[in-house]
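Written out below as structure tokens is the structure these notes cover.
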Amino acid sequence: MEFRYLGRSGLKISEISYGNWITHGSQVEEDTAVACVHAALDEGITTFDTADVYAGTRAETVLGRALKGQRRESLEIFTKVYWPTGPGPNDRGLSRKHIMESIDGSLRRLGTDYVDLYQAHRFDHETPLEETMRAFEDVVRQGKALYIGVSEWRAEEISAALKIAEERGFDRIISNQPQYSMLYRVIEQEVVPLCEREGIGQIVWSPIAQGVLTGKYLPGQAPPPGSRATDDKSGADFVKFWMRDEVLTRVQDLRPLAQEAGLTMAQLAVAWVLQNPNVSSAIVGASRPEQIRDNVKARGVRLEAELLARVDEVLGDAVIRDPAETRSPATRP
């Protein structure tokens with residue numbers, strides 16, 4: 001496994017990280033989830049990403065049990081806060097109350113005294129940003145998180161947080177966790193240039209576009225039985241966004257490029273996002289250990305500029321690039 005600095009911090013993370021968004025606690029049984037985590041560890045992955053909202057908090061519990069007995073100092077454990085974790089009006093968002101209560105719940109479920117990175121899972125338009133940043137600062141000062149980051153924030157929102165941190169002497173954001181893939185490049189125009197200047201690294205999710213970039217979904221054909229596109233519990237709505245014949249046809253045209261590079265389609269997709277120097281890590285998930293073993297073969301791969309240009313040519317206008325696609329709910333969910 002190769003390691004990269006997370007932004008301009010001194011923290012190194014595995015360039016391929018393991019995430020349990022729609023698997024642990026919901027899509028797969030716990031024994032399988034534990035097997036996937038152990039496969040990730042065996043392959044040299046040290047960075048694990050989760051969130052309090054995943055599977056209604058169960059994902060954190062499963063991950064904590066799966067990592068039990070591992071040397072804590074050898075792991076980087078990330079979690080997030082924002083989405084609802086209870087029925088009350090304060091069980092969501094980025095208010096001081098919710099942040100301070102949520103970090104304690106996450107630590108309890110994960111079975112650890114601290115997380116390496118605590119992330120704002122969306123921007124909260126209902127809470128003053130200074131309140132959020134001060135609460136994150138206090139979480140760090142209490143030793144419950146070592147670093148802070150955000151997920152799916154727009155460039156102007158990240159800039160505003162950096163300004164408050166500079167003025168108040170708070171810890172700076174060191175990471176952003178956006179969706180990013182060959183098909184979905186909305187961060188490239190505004191977020192990446194800002195983050196490059198400010199020393200913020202990207203920890204990208206869905207580099208395989210919810211499995212679409214594996215090539216398993218064929219134009220004009222029904223999704224394979226048991227695939228994510230047929231499972232309402234596993235983010236099927238995200239997959240359906242790409243389930244159009246014009247997109248699936250272009251994805252199939254990537255197959256010769258992957259073969260030329262000696263990669264599977266999934267490996268090509270993961271390797272592609274890792275070519276961006278602002279990307280610190282690509283998050284992969286799995287419902288079977290062999291998926292982990294396959295995806296990690298993208299580590300350390302360097303793609304030629306000519307191949308990258310051909311990817312752009314093949315995908316053409318199927319690529320989503322509009323920065324406005326990055327948006328948080330106008331009101332708390």
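FYI, nothing fancy with the structure tokens labels: chains A, B, ... in order, residues from 1 per chain, ligands from 1 as they appear.
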Filtered DSSP result for segment 65-298 of chain A, state helix (DSSP H, G or I), as a ChimeraX atom specification:
/A:65-67,72-74,96-110,129-141,155-168,191-198,212-214,228-230,232-234,236-240,245-252,255-260,265-274,289-298
Mind checking which residues fall within 10 Å of Val296 of chain A, counting only C-alpha atoms, ignoring those fewer than 5 positions away in the same chain, and posting them as a count of residues only?
14
With a distance cut-off of 10 Å and only C-alpha atoms, select the neighbouring residues of Ile187 of chain A, excluding the residue or stretch itself and same-chain residues fewer than 6 positions from it, and output the selection as an MDAnalysis selection string.
chainID A and resid 152:155 178:180 193:195 202 321:326
Can I get the selection written as a compact mmCIF listing (two decimals), in the first residue's frame, with all heavy atoms?
# COMPACT_ATOMS: atom_id res chain seq x y z
N GLU A 152 -18.67 17.20 1.05
CA GLU A 152 -19.63 17.80 0.11
C GLU A 152 -19.90 19.27 0.41
O GLU A 152 -21.04 19.74 0.31
CB GLU A 152 -20.94 16.99 0.10
CG GLU A 152 -20.79 15.60 -0.49
CD GLU A 152 -20.53 15.59 -1.99
OE1 GLU A 152 -20.73 16.63 -2.63
OE2 GLU A 152 -20.11 14.54 -2.51
N TRP A 153 -18.84 20.01 0.76
CA TRP A 153 -18.97 21.46 0.91
C TRP A 153 -18.55 22.14 -0.38
O TRP A 153 -17.63 21.69 -1.06
CB TRP A 153 -18.11 21.96 2.07
CG TRP A 153 -18.70 21.75 3.43
CD1 TRP A 153 -19.53 20.75 3.81
CD2 TRP A 153 -18.47 22.55 4.59
NE1 TRP A 153 -19.85 20.88 5.15
CE2 TRP A 153 -19.21 21.97 5.65
CE3 TRP A 153 -17.71 23.68 4.84
CZ2 TRP A 153 -19.21 22.50 6.94
CZ3 TRP A 153 -17.70 24.22 6.12
CH2 TRP A 153 -18.45 23.63 7.17
N ARG A 154 -19.19 23.25 -0.69
CA ARG A 154 -18.83 24.05 -1.85
C ARG A 154 -17.59 24.88 -1.54
O ARG A 154 -17.24 25.09 -0.37
CB ARG A 154 -19.99 24.93 -2.26
CG ARG A 154 -21.24 24.15 -2.60
CD ARG A 154 -22.42 25.04 -2.88
NE ARG A 154 -22.26 25.77 -4.15
CZ ARG A 154 -23.25 25.94 -5.01
NH1 ARG A 154 -24.45 25.43 -4.77
NH2 ARG A 154 -23.05 26.61 -6.12
N ALA A 155 -16.96 25.38 -2.58
CA ALA A 155 -15.73 26.14 -2.40
C ALA A 155 -15.94 27.36 -1.50
O ALA A 155 -15.13 27.65 -0.62
CB ALA A 155 -15.18 26.58 -3.76
N PRO A 178 -15.67 14.53 -1.10
CA PRO A 178 -16.67 14.69 -2.13
C PRO A 178 -16.86 13.41 -2.95
O PRO A 178 -16.02 12.52 -2.96
CB PRO A 178 -16.04 15.76 -3.03
CG PRO A 178 -14.57 15.38 -2.99
CD PRO A 178 -14.30 14.76 -1.62
N GLN A 179 -17.97 13.36 -3.67
CA GLN A 179 -18.12 12.34 -4.69
C GLN A 179 -17.22 12.72 -5.87
O GLN A 179 -17.20 13.87 -6.29
CB GLN A 179 -19.58 12.24 -5.14
CG GLN A 179 -19.81 11.16 -6.18
CD GLN A 179 -21.26 11.05 -6.64
OE1 GLN A 179 -21.58 10.23 -7.51
NE2 GLN A 179 -22.13 11.84 -6.06
N TYR A 180 -16.49 11.74 -6.39
CA TYR A 180 -15.57 12.03 -7.50
C TYR A 180 -15.29 10.75 -8.26
O TYR A 180 -14.97 9.72 -7.66
CB TYR A 180 -14.26 12.61 -6.96
CG TYR A 180 -13.28 13.09 -8.02
CD1 TYR A 180 -13.68 13.97 -9.02
CD2 TYR A 180 -11.95 12.66 -7.99
CE1 TYR A 180 -12.79 14.42 -9.98
CE2 TYR A 180 -11.05 13.11 -8.95
CZ TYR A 180 -11.47 14.00 -9.94
OH TYR A 180 -10.58 14.44 -10.89
N PRO A 193 -9.09 23.63 -7.04
CA PRO A 193 -8.13 24.74 -7.02
C PRO A 193 -8.02 25.43 -5.66
O PRO A 193 -6.92 25.76 -5.21
CB PRO A 193 -8.68 25.69 -8.09
CG PRO A 193 -9.43 24.81 -9.03
CD PRO A 193 -10.06 23.76 -8.14
N LEU A 194 -9.17 25.65 -5.00
CA LEU A 194 -9.14 26.25 -3.66
C LEU A 194 -8.36 25.36 -2.70
O LEU A 194 -7.50 25.83 -1.93
CB LEU A 194 -10.56 26.45 -3.15
CG LEU A 194 -10.68 26.80 -1.66
CD1 LEU A 194 -10.16 28.19 -1.39
CD2 LEU A 194 -12.12 26.65 -1.18
N CYS A 195 -8.67 24.06 -2.71
CA CYS A 195 -8.05 23.15 -1.76
C CYS A 195 -6.55 22.99 -2.01
O CYS A 195 -5.77 22.83 -1.07
CB CYS A 195 -8.76 21.80 -1.81
SG CYS A 195 -10.44 21.85 -1.12
N GLN A 202 -8.43 15.82 -0.74
CA GLN A 202 -9.71 15.19 -1.04
C GLN A 202 -9.66 13.71 -0.65
O GLN A 202 -8.72 13.00 -1.00
CB GLN A 202 -10.05 15.29 -2.53
CG GLN A 202 -9.93 16.69 -3.11
CD GLN A 202 -10.89 17.68 -2.49
OE1 GLN A 202 -12.05 17.37 -2.24
NE2 GLN A 202 -10.40 18.89 -2.22
N ARG A 321 -20.07 17.89 -14.69
CA ARG A 321 -19.00 18.81 -14.29
C ARG A 321 -19.50 20.05 -13.53
O ARG A 321 -18.69 20.80 -13.00
CB ARG A 321 -18.24 19.29 -15.52
CG ARG A 321 -17.58 18.17 -16.33
CD ARG A 321 -16.84 18.74 -17.53
NE ARG A 321 -16.28 17.70 -18.38
CZ ARG A 321 -15.09 17.13 -18.22
NH1 ARG A 321 -14.33 17.53 -17.20
NH2 ARG A 321 -14.65 16.19 -19.04
N ASP A 322 -20.78 20.30 -13.48
CA ASP A 322 -21.32 21.54 -12.94
C ASP A 322 -21.07 21.65 -11.44
O ASP A 322 -21.59 20.84 -10.66
CB ASP A 322 -22.82 21.60 -13.22
CG ASP A 322 -23.45 22.93 -12.80
OD1 ASP A 322 -22.73 23.80 -12.31
OD2 ASP A 322 -24.69 23.07 -12.97
N PRO A 323 -20.30 22.65 -10.97
CA PRO A 323 -20.05 22.80 -9.53
C PRO A 323 -21.32 22.97 -8.71
O PRO A 323 -21.32 22.67 -7.50
CB PRO A 323 -19.18 24.07 -9.45
CG PRO A 323 -18.59 24.23 -10.81
CD PRO A 323 -19.61 23.68 -11.77
N ALA A 324 -22.39 23.44 -9.34
CA ALA A 324 -23.65 23.65 -8.61
C ALA A 324 -24.27 22.34 -8.15
O ALA A 324 -25.18 22.34 -7.31
CB ALA A 324 -24.64 24.41 -9.48
N GLU A 325 -23.78 21.20 -8.67
CA GLU A 325 -24.28 19.90 -8.22
C GLU A 325 -23.91 19.62 -6.77
O GLU A 325 -24.55 18.80 -6.11
CB GLU A 325 -23.75 18.79 -9.13
CG GLU A 325 -24.31 18.79 -10.53
CD GLU A 325 -25.80 18.48 -10.55
OE1 GLU A 325 -26.24 17.60 -9.80
OE2 GLU A 325 -26.52 19.14 -11.33
N THR A 326 -22.89 20.29 -6.26
CA THR A 326 -22.52 20.16 -4.85
C THR A 326 -23.42 21.09 -4.05
O THR A 326 -23.31 22.31 -4.15
CB THR A 326 -21.05 20.53 -4.61
OG1 THR A 326 -20.21 19.65 -5.35
CG2 THR A 326 -20.70 20.44 -3.13
Contact residues around segment 59-71 of chain A with only C-alpha atoms at 8 Å, ignoring same-chain residues under 4 positions, as a PDB file with C-alpha atoms, in the first residue's frame:
ATOM      1  CA  ASN A  20     -18.813   1.214   5.100  1.00  0.00           C
ATOM      2  CA  TRP A  21     -21.540   3.585   3.935  1.00  0.00           C
ATOM      3  CA  THR A  23     -22.769  -2.239   3.661  1.00  0.00           C
ATOM      4  CA  HIS A  24     -22.118  -2.607   7.370  1.00  0.00           C
ATOM      5  CA  GLY A  25     -25.218  -2.906   9.481  1.00  0.00           C
ATOM      6  CA  SER A  26     -27.555  -3.044   6.494  1.00  0.00           C
ATOM      7  CA  GLU A  30     -21.796  -8.706  10.341  1.00  0.00           C
ATOM      8  CA  ALA A  33     -18.526  -7.092   7.146  1.00  0.00           C
ATOM      9  CA  VAL A  34     -15.805  -8.197   9.553  1.00  0.00           C
ATOM     10  CA  VAL A  37     -12.448  -5.210   7.135  1.00  0.00           C
ATOM     11  CA  HIS A  38      -9.883  -7.922   7.798  1.00  0.00           C
ATOM     12  CA  THR A  50     -17.721   5.771   8.401  1.00  0.00           C
ATOM     13  CA  ALA A  51     -20.439   8.128   9.691  1.00  0.00           C
ATOM     14  CA  ASP A  52     -22.899   8.222  12.558  1.00  0.00           C
ATOM     15  CA  TYR A  54     -24.821   5.020   8.256  1.00  0.00           C
ATOM     16  CA  ALA A  55     -27.304   2.199   8.877  1.00  0.00           C
ATOM     17  CA  LEU A  75      -5.154   2.943  12.169  1.00  0.00           C
ATOM     18  CA  SER A 106     -19.505   7.880  17.753  1.00  0.00           C
ATOM     19  CA  ARG A 109     -19.923   2.893  19.128  1.00  0.00           C
ATOM     20  CA  LEU A 110     -16.470   2.738  17.554  1.00  0.00           C
ATOM     21  CA  GLY A 111     -14.888   1.617  20.816  1.00  0.00           C
ATOM     22  CA  THR A 112     -12.110   4.203  20.718  1.00  0.00           C
TER      23      THR A 112
END
Hey, what's within 8 Å of Ile99 of chain A if we count only C-alpha atoms and toss same-chain stuff fewer than 2 positions away? As an mmCIF file with N, CA and C atoms, in the first residue's frame, please?
data_model
loop_
_atom_site.group_PDB
_atom_site.id
_atom_site.type_symbol
_atom_site.label_atom_id
_atom_site.label_comp_id
_atom_site.auth_asym_id
_atom_site.auth_seq_id
_atom_site.Cartn_x
_atom_site.Cartn_y
_atom_site.Cartn_z
ATOM 1 N N VAL A 81 -20.555 13.856 11.096
ATOM 2 C CA VAL A 81 -21.740 14.311 11.819
ATOM 3 C C VAL A 81 -22.517 15.276 10.936
ATOM 4 N N LEU A 94 -25.336 20.860 12.545
ATOM 5 C CA LEU A 94 -23.994 21.142 13.067
ATOM 6 C C LEU A 94 -24.033 22.169 14.188
ATOM 7 N N SER A 95 -25.092 22.116 14.997
ATOM 8 C CA SER A 95 -25.122 22.956 16.193
ATOM 9 C C SER A 95 -24.094 22.438 17.195
ATOM 10 N N ARG A 96 -23.726 23.290 18.119
ATOM 11 C CA ARG A 96 -22.806 22.861 19.175
ATOM 12 C C ARG A 96 -23.384 21.667 19.934
ATOM 13 N N LYS A 97 -24.670 21.716 20.246
ATOM 14 C CA LYS A 97 -25.286 20.627 20.999
ATOM 15 C C LYS A 97 -25.138 19.309 20.254
ATOM 16 N N GLU A 101 -22.647 16.116 21.432
ATOM 17 C CA GLU A 101 -23.285 14.850 21.788
ATOM 18 C C GLU A 101 -22.931 13.745 20.789
ATOM 19 N N SER A 102 -22.814 14.115 19.524
ATOM 20 C CA SER A 102 -22.570 13.103 18.495
ATOM 21 C C SER A 102 -21.178 12.523 18.568
ATOM 22 N N ILE A 103 -20.178 13.340 18.878
ATOM 23 C CA ILE A 103 -18.822 12.786 18.954
ATOM 24 C C ILE A 103 -18.749 11.750 20.057
ATOM 25 N N THR A 132 -20.334 26.276 14.636
ATOM 26 C CA THR A 132 -19.862 24.964 14.204
ATOM 27 C C THR A 132 -18.351 24.849 14.347
ATOM 28 N N ALA A 135 -17.225 24.585 17.956
ATOM 29 C CA ALA A 135 -17.512 23.265 18.519
ATOM 30 C C ALA A 135 -16.484 22.240 18.035
ATOM 31 N N PHE A 136 -16.149 22.283 16.748
ATOM 32 C CA PHE A 136 -15.106 21.384 16.245
ATOM 33 C C PHE A 136 -13.772 21.655 16.928
#
Give me the residues within 10 Å of Ala258 of chain A as an MDAnalysis selection string, counting only C-alpha atoms and dropping any in the same chain fewer than 5 places off.
chainID A and resid 253 263:269 307 311
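With only C-alpha atoms as the atoms that count, the residue of A:Leu41, A:Leu6, A:Val192, A:Leu315 with the shortest distance to Tyr18 of chain A is A:Leu41.
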Please determine, counting only C-alpha atoms, which residue among A:Met133, A:Glu198, A:Ser328, A:Asp91 has the shortest atom-to-atom distance to Ser151 of chain A.
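Using only C-alpha atoms, the shortest distance to Ser151 of chain A belongs to A:Ser328.
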For Leu11 of chain A, which of A:Thr249, A:Glu260, A:Leu117, A:Thr57 is the closest residue, counting only C-alpha atoms?
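Ranked by minimum distance to Leu11 of chain A, first place goes to A:Leu117.
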Once DSSP has gone over the backbone, tell me which residues of segment 152-299 of chain A are in strand (DSSP E or B), as a PyMOL selection string.
chain A and resi 173-177+179+184+201-205+279-284
For the selection you just gave me, I'd like the residues written to a file as a compact mmCIF listing (two decimals), in the first residue's frame, keeping all heavy atoms.
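Final output, result.txt:
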# COMPACT_ATOMS: atom_id res chain seq x y z
N ILE A 173 -9.52 23.26 8.59
CA ILE A 173 -9.98 22.08 7.86
C ILE A 173 -8.80 21.51 7.07
O ILE A 173 -8.08 22.26 6.40
CB ILE A 173 -11.11 22.48 6.89
CG1 ILE A 173 -12.36 22.89 7.67
CG2 ILE A 173 -11.43 21.35 5.92
CD1 ILE A 173 -13.38 23.61 6.80
N ILE A 174 -8.60 20.19 7.13
CA ILE A 174 -7.52 19.60 6.34
C ILE A 174 -8.03 18.69 5.22
O ILE A 174 -7.23 18.22 4.41
CB ILE A 174 -6.54 18.80 7.23
CG1 ILE A 174 -7.22 17.55 7.82
CG2 ILE A 174 -5.94 19.68 8.31
CD1 ILE A 174 -6.23 16.54 8.35
N SER A 175 -9.35 18.46 5.19
CA SER A 175 -9.85 17.53 4.18
C SER A 175 -11.26 17.87 3.75
O SER A 175 -12.02 18.52 4.47
CB SER A 175 -9.83 16.09 4.73
OG SER A 175 -10.77 15.95 5.78
N ASN A 176 -11.59 17.40 2.55
CA ASN A 176 -12.96 17.44 2.04
C ASN A 176 -13.25 16.05 1.49
O ASN A 176 -12.38 15.39 0.92
CB ASN A 176 -13.08 18.47 0.92
CG ASN A 176 -14.48 18.51 0.31
OD1 ASN A 176 -15.48 18.54 1.02
ND2 ASN A 176 -14.55 18.52 -1.02
N GLN A 177 -14.49 15.57 1.71
CA GLN A 177 -14.87 14.26 1.19
C GLN A 177 -16.00 14.44 0.18
O GLN A 177 -17.17 14.49 0.53
CB GLN A 177 -15.29 13.32 2.32
CG GLN A 177 -15.53 11.90 1.82
CD GLN A 177 -15.85 10.92 2.94
OE1 GLN A 177 -16.80 10.16 2.85
NE2 GLN A 177 -15.05 10.94 3.99
N GLN A 179 -17.97 13.36 -3.67
CA GLN A 179 -18.12 12.34 -4.69
C GLN A 179 -17.22 12.72 -5.87
O GLN A 179 -17.20 13.87 -6.29
CB GLN A 179 -19.58 12.24 -5.14
CG GLN A 179 -19.81 11.16 -6.18
CD GLN A 179 -21.26 11.05 -6.64
OE1 GLN A 179 -21.58 10.23 -7.51
NE2 GLN A 179 -22.13 11.84 -6.06
N TYR A 184 -18.18 11.81 -12.62
CA TYR A 184 -18.69 12.88 -11.77
C TYR A 184 -17.51 13.73 -11.30
O TYR A 184 -16.78 13.36 -10.38
CB TYR A 184 -19.44 12.28 -10.57
CG TYR A 184 -20.34 13.25 -9.85
CD1 TYR A 184 -21.63 13.53 -10.32
CD2 TYR A 184 -19.92 13.88 -8.69
CE1 TYR A 184 -22.45 14.42 -9.66
CE2 TYR A 184 -20.75 14.77 -8.02
CZ TYR A 184 -22.01 15.03 -8.50
OH TYR A 184 -22.85 15.92 -7.84
N GLY A 201 -6.84 18.22 1.44
CA GLY A 201 -6.83 17.03 0.60
C GLY A 201 -8.23 16.47 0.40
O GLY A 201 -9.10 16.61 1.27
N GLN A 202 -8.43 15.82 -0.74
CA GLN A 202 -9.71 15.19 -1.04
C GLN A 202 -9.66 13.71 -0.65
O GLN A 202 -8.72 13.00 -1.00
CB GLN A 202 -10.05 15.29 -2.53
CG GLN A 202 -9.93 16.69 -3.11
CD GLN A 202 -10.89 17.68 -2.49
OE1 GLN A 202 -12.05 17.37 -2.24
NE2 GLN A 202 -10.40 18.89 -2.22
N ILE A 203 -10.70 13.27 0.09
CA ILE A 203 -10.90 11.84 0.36
C ILE A 203 -12.17 11.49 -0.42
O ILE A 203 -13.27 11.79 0.02
CB ILE A 203 -11.11 11.58 1.86
CG1 ILE A 203 -9.99 12.20 2.69
CG2 ILE A 203 -11.20 10.08 2.14
CD1 ILE A 203 -10.33 12.31 4.16
N VAL A 204 -12.02 10.89 -1.58
CA VAL A 204 -13.16 10.83 -2.50
C VAL A 204 -13.97 9.56 -2.32
O VAL A 204 -13.44 8.48 -2.11
CB VAL A 204 -12.69 10.98 -3.96
CG1 VAL A 204 -11.93 12.29 -4.13
CG2 VAL A 204 -11.85 9.82 -4.43
N TRP A 205 -15.30 9.72 -2.43
CA TRP A 205 -16.19 8.56 -2.33
C TRP A 205 -16.81 8.27 -3.69
O TRP A 205 -16.87 9.14 -4.56
CB TRP A 205 -17.25 8.74 -1.26
CG TRP A 205 -18.21 9.89 -1.40
CD1 TRP A 205 -18.03 11.18 -0.98
CD2 TRP A 205 -19.53 9.84 -1.97
NE1 TRP A 205 -19.15 11.93 -1.26
CE2 TRP A 205 -20.08 11.14 -1.86
CE3 TRP A 205 -20.31 8.84 -2.54
CZ2 TRP A 205 -21.35 11.47 -2.30
CZ3 TRP A 205 -21.58 9.15 -2.99
CH2 TRP A 205 -22.10 10.44 -2.87
N VAL A 279 -6.04 14.50 -4.59
CA VAL A 279 -6.73 13.38 -3.95
C VAL A 279 -5.75 12.67 -3.02
O VAL A 279 -4.72 12.18 -3.44
CB VAL A 279 -7.29 12.40 -5.00
CG1 VAL A 279 -7.81 11.13 -4.33
CG2 VAL A 279 -8.40 13.06 -5.80
N SER A 280 -6.11 12.63 -1.74
CA SER A 280 -5.28 11.94 -0.75
C SER A 280 -5.63 10.46 -0.66
O SER A 280 -4.77 9.64 -0.38
CB SER A 280 -5.45 12.59 0.63
OG SER A 280 -5.02 13.93 0.61
N SER A 281 -6.90 10.13 -0.87
CA SER A 281 -7.32 8.73 -0.77
C SER A 281 -8.63 8.53 -1.51
O SER A 281 -9.46 9.44 -1.60
CB SER A 281 -7.50 8.33 0.70
OG SER A 281 -7.76 6.95 0.83
N ALA A 282 -8.80 7.33 -2.05
CA ALA A 282 -10.05 6.92 -2.68
C ALA A 282 -10.72 5.90 -1.78
O ALA A 282 -10.11 4.88 -1.41
CB ALA A 282 -9.79 6.33 -4.06
N ILE A 283 -11.97 6.14 -1.42
CA ILE A 283 -12.71 5.23 -0.55
C ILE A 283 -13.35 4.13 -1.39
O ILE A 283 -14.05 4.41 -2.36
CB ILE A 283 -13.82 5.97 0.22
CG1 ILE A 283 -13.22 7.08 1.10
CG2 ILE A 283 -14.62 5.00 1.07
CD1 ILE A 283 -14.28 7.95 1.75
N VAL A 284 -13.10 2.90 -1.02
CA VAL A 284 -13.78 1.77 -1.65
C VAL A 284 -14.58 1.04 -0.58
O VAL A 284 -14.20 0.99 0.59
CB VAL A 284 -12.79 0.80 -2.33
CG1 VAL A 284 -11.99 1.52 -3.41
CG2 VAL A 284 -11.85 0.15 -1.32
Using only C-alpha atoms, which of A:Arg108, A:Leu146, A:Pro256, A:Asn278 sits nearest Arg197 of chain A?
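Of all the options, A:Asn278 lies closest to Arg197 of chain A.
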Which is closest to Ser159 of chain A among A:Arg141, A:Arg4, A:His125, A:Arg172, if we use only C-alpha atoms?
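Checking each candidate against Ser159 of chain A, we get A:Arg172 as the closest.
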